[in-house]
Amino acid sequence: MNLKNFSFDKVFKFRHKNNSKKVVTLNHSKIKIMLKKFFIVFIPLFIILLISLYFISPLSKISSIKIIGNENISNQYIKNKSGIHLGDSIFKIIGKNKTLNSKLTDDNLQIKDANFKLFDINKLKIYIKQYQIIGYNSDKNNRAYPILASGKELNTPIDNPNTDKLPYLVNFKNDNQRKYIVKEMNKLPSYIKNNIRVISFYPTDVFPDGLHIYMRDGNKVYVLISNFKKKMPYYHSIASKLKVKSIINLEVGAYSYSQNGK
């Protein structure tokens, strides 16, 4: 080893340089660990803070309620039955459409379907589909009880039934039979359906499912529930050939005779 060329300054400089690099590397590692710990703690706290602020802000509350399609049912009734009011949390709506729908449809025979939708974050629209009134039943006091397209009858009479356009369906003891007639009547061409004034259940020993149908044009039809679907569509072609007000018997075959006698 040549001591003449040996320099302690070079040794110290080399060691100092290496130690500086180690210090810098250690500092960077510590900063990264500290930042990682900071974000692990801070980000969840920040998210919780944002959620808390949202829950207490007006954005999380229902700001308006619009009800669409409720022709015969009041807005207040729908709000009360659904339990949804202005200022309620939007989380009473989100994911609860099926439950809210059942609250309305199970309680009111007229409501076929109810759909709850949020718009613009916190504005609610409730879309109502109703069963249309297709006719009436009457009691011994001649009060009119609406019959719906579902075949069900409302238990509250109405004061001004639209009997100029809608028929009476009377004397039915079996709801399933009435539902069937309602269903098939709605399939008839409008010029036949709108001509029906009264459908009366009229069972006999020979025909236990007999019907007497009184038409607005003055004719009368005898038909059976079991062949109503098949034979009523032929009413118009038969009636158009008649010269006087007649009884059209469709119970077995098809023939007609004057109401004043055969």
# chains A, B, ... in the order shown; residues from 1 in each chain; ligands from 1
>>> select_by_dssp(residues="range 52-203 of chain A", states="helix (DSSP H, G or I)", output="VMD selection string")
chain A and resid 52 to 56 58 to 60 75 to 82 90 to 92 97 to 105 175 to 185 190 to 193
>>> write_last_selection(atoms="C-alpha atoms", output="JSON list (two decimals), in the first residue's frame")
[["chain", "number", "residue", "atom", "x", "y", "z"],
["A", 52, "SER", "CA", -72.96, 12.84, 6.91],
["A", 53, "LEU", "CA", -73.18, 16.20, 5.18],
["A", 54, "TYR", "CA", -75.35, 14.66, 2.44],
["A", 55, "PHE", "CA", -77.78, 13.12, 4.93],
["A", 56, "ILE", "CA", -78.37, 16.46, 6.65],
["A", 58, "PRO", "CA", -81.76, 19.20, 1.49],
["A", 59, "LEU", "CA", -80.50, 17.02, -1.40],
["A", 60, "SER", "CA", -81.32, 13.86, 0.55],
["A", 75, "ASN", "CA", -103.36, 12.76, -4.44],
["A", 76, "GLN", "CA", -103.63, 12.93, -0.67],
["A", 77, "TYR", "CA", -104.97, 9.37, -0.50],
["A", 78, "ILE", "CA", -101.98, 8.08, -2.49],
["A", 79, "LYS", "CA", -99.50, 9.99, -0.32],
["A", 80, "ASN", "CA", -101.09, 8.75, 2.90],
["A", 81, "LYS", "CA", -101.29, 5.12, 1.82],
["A", 82, "SER", "CA", -97.75, 5.06, 0.46],
["A", 90, "ILE", "CA", -85.12, 9.65, -0.59],
["A", 91, "PHE", "CA", -84.03, 6.35, 0.92],
["A", 92, "LYS", "CA", -87.69, 5.67, 1.65],
["A", 97, "ASN", "CA", -90.70, 0.25, -5.36],
["A", 98, "LYS", "CA", -92.18, -3.24, -4.94],
["A", 99, "THR", "CA", -93.12, -2.63, -1.29],
["A", 100, "LEU", "CA", -94.65, 0.78, -2.03],
["A", 101, "ASN", "CA", -96.55, -0.65, -4.99],
["A", 102, "SER", "CA", -98.08, -3.34, -2.75],
["A", 103, "LYS", "CA", -99.18, -0.75, -0.18],
["A", 104, "LEU", "CA", -101.38, 0.88, -2.81],
["A", 105, "THR", "CA", -102.56, -2.07, -4.90],
["A", 175, "ASP", "CA", -117.45, -13.44, -9.00],
["A", 176, "ASN", "CA", -115.53, -15.71, -11.39],
["A", 177, "GLN", "CA", -118.47, -15.80, -13.80],
["A", 178, "ARG", "CA", -118.76, -12.02, -13.73],
["A", 179, "LYS", "CA", -115.00, -11.61, -14.22],
["A", 180, "TYR", "CA", -115.19, -13.88, -17.25],
["A", 181, "ILE", "CA", -118.06, -11.89, -18.79],
["A", 182, "VAL", "CA", -116.24, -8.62, -18.12],
["A", 183, "LYS", "CA", -113.12, -9.98, -19.81],
["A", 184, "GLU", "CA", -114.97, -11.25, -22.86],
["A", 185, "MET", "CA", -117.24, -8.20, -23.12],
["A", 190, "SER", "CA", -117.04, -1.34, -29.75],
["A", 191, "TYR", "CA", -120.27, -1.19, -31.81],
["A", 192, "ILE", "CA", -121.50, -4.27, -29.91],
["A", 193, "LYS", "CA", -119.99, -3.53, -26.50]]
>>> select_by_dssp(residues="range 76-167 of chain A", states="strand (DSSP E)", output="PyMOL selection string")
chain A and resi 111-119+123-130+133-138+144-148
>>> write_last_selection(atoms="N, CA, C and O atoms", output="short mmCIF file (atom, residue, chain, number, x, y, z; two decimals), in the first residue's frame")
data_model
loop_
_atom_site.label_atom_id
_atom_site.label_comp_id
_atom_site.auth_asym_id
_atom_site.auth_seq_id
_atom_site.Cartn_x
_atom_site.Cartn_y
_atom_site.Cartn_z
N ILE A 111 -106.53 0.55 -8.11
CA ILE A 111 -105.13 0.75 -8.52
C ILE A 111 -104.55 -0.56 -9.04
O ILE A 111 -104.43 -1.54 -8.31
N LYS A 112 -104.21 -0.56 -10.29
CA LYS A 112 -103.62 -1.74 -10.93
C LYS A 112 -102.13 -1.81 -10.69
O LYS A 112 -101.57 -2.89 -10.46
N ASP A 113 -101.46 -0.66 -10.73
CA ASP A 113 -100.01 -0.64 -10.56
C ASP A 113 -99.57 0.76 -10.14
O ASP A 113 -100.21 1.76 -10.52
N ALA A 114 -98.50 0.83 -9.34
CA ALA A 114 -97.93 2.11 -8.92
C ALA A 114 -96.41 2.02 -9.04
O ALA A 114 -95.80 1.08 -8.55
N ASN A 115 -95.83 3.00 -9.72
CA ASN A 115 -94.39 3.00 -9.96
C ASN A 115 -93.79 4.29 -9.41
O ASN A 115 -94.21 5.39 -9.79
N PHE A 116 -92.80 4.17 -8.52
CA PHE A 116 -92.17 5.32 -7.86
C PHE A 116 -90.80 5.57 -8.48
O PHE A 116 -89.94 4.69 -8.47
N LYS A 117 -90.60 6.79 -9.02
CA LYS A 117 -89.33 7.10 -9.68
C LYS A 117 -88.81 8.46 -9.21
O LYS A 117 -89.57 9.42 -9.09
N LEU A 118 -87.49 8.52 -8.97
CA LEU A 118 -86.83 9.77 -8.58
C LEU A 118 -86.21 10.43 -9.81
O LEU A 118 -85.63 9.77 -10.66
N PHE A 119 -86.37 11.76 -9.88
CA PHE A 119 -85.79 12.57 -10.95
C PHE A 119 -85.02 13.73 -10.32
O PHE A 119 -85.38 14.21 -9.24
N LYS A 123 -86.54 14.60 -6.68
CA LYS A 123 -87.93 14.88 -7.06
C LYS A 123 -88.62 13.56 -7.40
O LYS A 123 -88.08 12.76 -8.16
N LEU A 124 -89.78 13.36 -6.81
CA LEU A 124 -90.47 12.08 -6.94
C LEU A 124 -91.68 12.18 -7.86
O LEU A 124 -92.47 13.12 -7.79
N LYS A 125 -91.79 11.20 -8.76
CA LYS A 125 -93.00 11.05 -9.58
C LYS A 125 -93.59 9.67 -9.30
O LYS A 125 -92.87 8.66 -9.30
N ILE A 126 -94.91 9.65 -9.06
CA ILE A 126 -95.61 8.39 -8.82
C ILE A 126 -96.55 8.16 -9.98
O ILE A 126 -97.48 8.94 -10.21
N TYR A 127 -96.29 7.09 -10.74
CA TYR A 127 -97.12 6.77 -11.90
C TYR A 127 -98.17 5.74 -11.49
O TYR A 127 -97.84 4.64 -11.04
N ILE A 128 -99.43 6.12 -11.64
CA ILE A 128 -100.54 5.26 -11.24
C ILE A 128 -101.25 4.70 -12.47
O ILE A 128 -101.58 5.44 -13.40
N LYS A 129 -101.47 3.38 -12.47
CA LYS A 129 -102.33 2.75 -13.48
C LYS A 129 -103.59 2.26 -12.78
O LYS A 129 -103.49 1.54 -11.78
N GLN A 130 -104.75 2.64 -13.31
CA GLN A 130 -106.01 2.26 -12.69
C GLN A 130 -106.78 1.27 -13.55
O GLN A 130 -106.66 1.28 -14.78
N ILE A 133 -113.46 1.69 -14.97
CA ILE A 133 -114.82 1.26 -14.66
C ILE A 133 -115.48 0.85 -15.97
O ILE A 133 -115.53 1.62 -16.93
N ILE A 134 -115.98 -0.38 -16.03
CA ILE A 134 -116.56 -0.89 -17.28
C ILE A 134 -118.08 -1.12 -17.15
O ILE A 134 -118.73 -1.46 -18.14
N GLY A 135 -118.60 -0.94 -15.95
CA GLY A 135 -120.03 -1.14 -15.76
C GLY A 135 -120.41 -0.97 -14.30
O GLY A 135 -119.58 -0.54 -13.48
N TYR A 136 -121.66 -1.34 -13.98
CA TYR A 136 -122.17 -1.14 -12.62
C TYR A 136 -123.02 -2.33 -12.20
O TYR A 136 -123.61 -3.02 -13.03
N ASN A 137 -123.06 -2.52 -10.90
CA ASN A 137 -124.04 -3.41 -10.30
C ASN A 137 -125.00 -2.52 -9.52
O ASN A 137 -124.67 -1.38 -9.20
N SER A 138 -126.17 -3.02 -9.22
CA SER A 138 -127.11 -2.21 -8.45
C SER A 138 -127.71 -3.06 -7.34
O SER A 138 -127.85 -4.29 -7.46
N ALA A 144 -125.77 2.49 -7.60
CA ALA A 144 -124.83 1.95 -8.59
C ALA A 144 -123.46 1.72 -7.97
O ALA A 144 -122.85 2.64 -7.42
N TYR A 145 -122.98 0.49 -8.07
CA TYR A 145 -121.65 0.13 -7.58
C TYR A 145 -120.74 -0.16 -8.78
O TYR A 145 -121.03 -1.06 -9.57
N PRO A 146 -119.66 0.59 -8.92
CA PRO A 146 -118.79 0.39 -10.09
C PRO A 146 -118.18 -1.00 -10.16
O PRO A 146 -117.76 -1.56 -9.14
N ILE A 147 -118.14 -1.54 -11.36
CA ILE A 147 -117.44 -2.79 -11.65
C ILE A 147 -116.21 -2.45 -12.49
O ILE A 147 -116.32 -1.74 -13.49
N LEU A 148 -115.07 -2.93 -12.07
CA LEU A 148 -113.81 -2.59 -12.72
C LEU A 148 -113.47 -3.59 -13.83
O LEU A 148 -114.05 -4.67 -13.91
#
>>> residues_around(residues="range 160-170 of chain A", least_positions_apart="2", cutoff="6 Å", atoms="only C-alpha atoms", output="list in words")
Gly135, Tyr136, Asn137, Ile158, Phe172, Ile196, Arg197, Val198, Ile199 and Ser200 of chain A
>>> write_last_selection(atoms="all heavy atoms", output="PDB file, in the first residue's frame")
ATOM      1  N   GLY A 135    -118.597  -0.942 -15.953  1.00  0.00           N
ATOM      2  CA  GLY A 135    -120.030  -1.142 -15.758  1.00  0.00           C
ATOM      3  C   GLY A 135    -120.407  -0.971 -14.301  1.00  0.00           C
ATOM      4  O   GLY A 135    -119.579  -0.542 -13.482  1.00  0.00           O
ATOM      5  N   TYR A 136    -121.656  -1.336 -13.983  1.00  0.00           N
ATOM      6  CA  TYR A 136    -122.167  -1.140 -12.621  1.00  0.00           C
ATOM      7  C   TYR A 136    -123.021  -2.329 -12.196  1.00  0.00           C
ATOM      8  O   TYR A 136    -123.612  -3.025 -13.026  1.00  0.00           O
ATOM      9  CB  TYR A 136    -123.018   0.132 -12.548  1.00  0.00           C
ATOM     10  CG  TYR A 136    -122.304   1.368 -13.031  1.00  0.00           C
ATOM     11  CD1 TYR A 136    -122.471   1.809 -14.353  1.00  0.00           C
ATOM     12  CD2 TYR A 136    -121.457   2.089 -12.211  1.00  0.00           C
ATOM     13  CE1 TYR A 136    -121.812   2.932 -14.818  1.00  0.00           C
ATOM     14  CE2 TYR A 136    -120.788   3.217 -12.669  1.00  0.00           C
ATOM     15  CZ  TYR A 136    -120.976   3.628 -13.977  1.00  0.00           C
ATOM     16  OH  TYR A 136    -120.316   4.735 -14.430  1.00  0.00           O
ATOM     17  N   ASN A 137    -123.063  -2.520 -10.902  1.00  0.00           N
ATOM     18  CA  ASN A 137    -124.042  -3.410 -10.299  1.00  0.00           C
ATOM     19  C   ASN A 137    -125.000  -2.521  -9.519  1.00  0.00           C
ATOM     20  O   ASN A 137    -124.674  -1.379  -9.199  1.00  0.00           O
ATOM     21  CB  ASN A 137    -123.367  -4.417  -9.377  1.00  0.00           C
ATOM     22  CG  ASN A 137    -124.294  -5.545  -8.951  1.00  0.00           C
ATOM     23  OD1 ASN A 137    -125.417  -5.668  -9.457  1.00  0.00           O
ATOM     24  ND2 ASN A 137    -123.840  -6.367  -8.029  1.00  0.00           N
ATOM     25  N   ILE A 158    -121.696   5.087  -6.301  1.00  0.00           N
ATOM     26  CA  ILE A 158    -121.435   6.441  -6.794  1.00  0.00           C
ATOM     27  C   ILE A 158    -122.760   7.100  -7.159  1.00  0.00           C
ATOM     28  O   ILE A 158    -123.745   6.435  -7.477  1.00  0.00           O
ATOM     29  CB  ILE A 158    -120.475   6.429  -7.998  1.00  0.00           C
ATOM     30  CG1 ILE A 158    -121.059   5.621  -9.163  1.00  0.00           C
ATOM     31  CG2 ILE A 158    -119.126   5.862  -7.612  1.00  0.00           C
ATOM     32  CD1 ILE A 158    -120.211   5.685 -10.411  1.00  0.00           C
ATOM     33  N   PHE A 172    -125.362 -11.409 -10.585  1.00  0.00           N
ATOM     34  CA  PHE A 172    -124.284 -12.402 -10.555  1.00  0.00           C
ATOM     35  C   PHE A 172    -123.987 -12.797  -9.113  1.00  0.00           C
ATOM     36  O   PHE A 172    -123.771 -11.950  -8.257  1.00  0.00           O
ATOM     37  CB  PHE A 172    -123.014 -11.852 -11.211  1.00  0.00           C
ATOM     38  CG  PHE A 172    -123.068 -11.814 -12.704  1.00  0.00           C
ATOM     39  CD1 PHE A 172    -123.608 -10.713 -13.367  1.00  0.00           C
ATOM     40  CD2 PHE A 172    -122.582 -12.867 -13.457  1.00  0.00           C
ATOM     41  CE1 PHE A 172    -123.659 -10.669 -14.748  1.00  0.00           C
ATOM     42  CE2 PHE A 172    -122.625 -12.832 -14.848  1.00  0.00           C
ATOM     43  CZ  PHE A 172    -123.173 -11.729 -15.487  1.00  0.00           C
ATOM     44  N   ILE A 196    -124.561  -2.573 -25.357  1.00  0.00           N
ATOM     45  CA  ILE A 196    -125.072  -3.369 -24.233  1.00  0.00           C
ATOM     46  C   ILE A 196    -125.501  -2.442 -23.095  1.00  0.00           C
ATOM     47  O   ILE A 196    -124.714  -1.636 -22.604  1.00  0.00           O
ATOM     48  CB  ILE A 196    -124.002  -4.353 -23.733  1.00  0.00           C
ATOM     49  CG1 ILE A 196    -123.654  -5.367 -24.826  1.00  0.00           C
ATOM     50  CG2 ILE A 196    -124.492  -5.080 -22.476  1.00  0.00           C
ATOM     51  CD1 ILE A 196    -122.496  -6.285 -24.471  1.00  0.00           C
ATOM     52  N   ARG A 197    -126.753  -2.573 -22.679  1.00  0.00           N
ATOM     53  CA  ARG A 197    -127.280  -1.745 -21.580  1.00  0.00           C
ATOM     54  C   ARG A 197    -127.285  -2.495 -20.258  1.00  0.00           C
ATOM     55  O   ARG A 197    -126.898  -1.951 -19.232  1.00  0.00           O
ATOM     56  CB  ARG A 197    -128.698  -1.268 -21.918  1.00  0.00           C
ATOM     57  CG  ARG A 197    -129.319  -0.349 -20.884  1.00  0.00           C
ATOM     58  CD  ARG A 197    -130.601   0.284 -21.428  1.00  0.00           C
ATOM     59  NE  ARG A 197    -131.605  -0.710 -21.770  1.00  0.00           N
ATOM     60  CZ  ARG A 197    -132.478  -1.238 -20.884  1.00  0.00           C
ATOM     61  NH1 ARG A 197    -132.454  -0.875 -19.624  1.00  0.00           N
ATOM     62  NH2 ARG A 197    -133.384  -2.114 -21.288  1.00  0.00           N
ATOM     63  N   VAL A 198    -127.705  -3.767 -20.272  1.00  0.00           N
ATOM     64  CA  VAL A 198    -127.759  -4.589 -19.057  1.00  0.00           C
ATOM     65  C   VAL A 198    -127.385  -6.027 -19.407  1.00  0.00           C
ATOM     66  O   VAL A 198    -127.858  -6.566 -20.410  1.00  0.00           O
ATOM     67  CB  VAL A 198    -129.170  -4.588 -18.414  1.00  0.00           C
ATOM     68  CG1 VAL A 198    -129.190  -5.505 -17.179  1.00  0.00           C
ATOM     69  CG2 VAL A 198    -129.603  -3.176 -18.031  1.00  0.00           C
ATOM     70  N   ILE A 199    -126.522  -6.613 -18.576  1.00  0.00           N
ATOM     71  CA  ILE A 199    -126.279  -8.056 -18.639  1.00  0.00           C
ATOM     72  C   ILE A 199    -126.758  -8.638 -17.313  1.00  0.00           C
ATOM     73  O   ILE A 199    -126.224  -8.319 -16.251  1.00  0.00           O
ATOM     74  CB  ILE A 199    -124.790  -8.398 -18.845  1.00  0.00           C
ATOM     75  CG1 ILE A 199    -124.276  -7.803 -20.160  1.00  0.00           C
ATOM     76  CG2 ILE A 199    -124.577  -9.903 -18.846  1.00  0.00           C
ATOM     77  CD1 ILE A 199    -122.796  -8.042 -20.399  1.00  0.00           C
ATOM     78  N   SER A 200    -127.769  -9.473 -17.382  1.00  0.00           N
ATOM     79  CA  SER A 200    -128.364 -10.032 -16.177  1.00  0.00           C
ATOM     80  C   SER A 200    -128.139 -11.546 -16.134  1.00  0.00           C
ATOM     81  O   SER A 200    -128.453 -12.256 -17.100  1.00  0.00           O
ATOM     82  CB  SER A 200    -129.866  -9.722 -16.133  1.00  0.00           C
ATOM     83  OG  SER A 200    -130.472 -10.317 -15.008  1.00  0.00           O
TER      84      SER A 200
END
>>> residues_around(residues="Leu250 in chain A", least_positions_apart="2", cutoff="9 Å", atoms="only C-alpha atoms", output="PDB file with C-alpha atoms, in the first residue's frame")
ATOM      1  CA  VAL A 221    -130.381 -11.475 -26.261  1.00  0.00           C
ATOM      2  CA  TYR A 222    -130.581 -14.869 -24.577  1.00  0.00           C
ATOM      3  CA  VAL A 223    -127.129 -16.424 -24.374  1.00  0.00           C
ATOM      4  CA  LEU A 224    -125.097 -18.652 -22.070  1.00  0.00           C
ATOM      5  CA  ASN A 227    -120.997 -19.594 -25.349  1.00  0.00           C
ATOM      6  CA  PHE A 228    -120.911 -15.793 -24.799  1.00  0.00           C
ATOM      7  CA  LYS A 231    -121.775 -16.159 -30.151  1.00  0.00           C
ATOM      8  CA  MET A 232    -121.960 -12.494 -29.086  1.00  0.00           C
ATOM      9  CA  ILE A 248    -132.332 -13.096 -30.269  1.00  0.00           C
ATOM     10  CA  VAL A 252    -128.739 -23.278 -28.655  1.00  0.00           C
ATOM     11  CA  GLY A 253    -128.231 -22.374 -32.281  1.00  0.00           C
ATOM     12  CA  ALA A 254    -129.323 -18.878 -33.296  1.00  0.00           C
ATOM     13  CA  TYR A 255    -132.822 -17.625 -34.024  1.00  0.00           C
ATOM     14  CA  SER A 256    -134.937 -14.568 -33.302  1.00  0.00           C
TER      15      SER A 256
END
>>> atom_distance(atom1="CA of Leu109 in chain A", atom2="CA of Asn72 in chain A")
11.8 Å
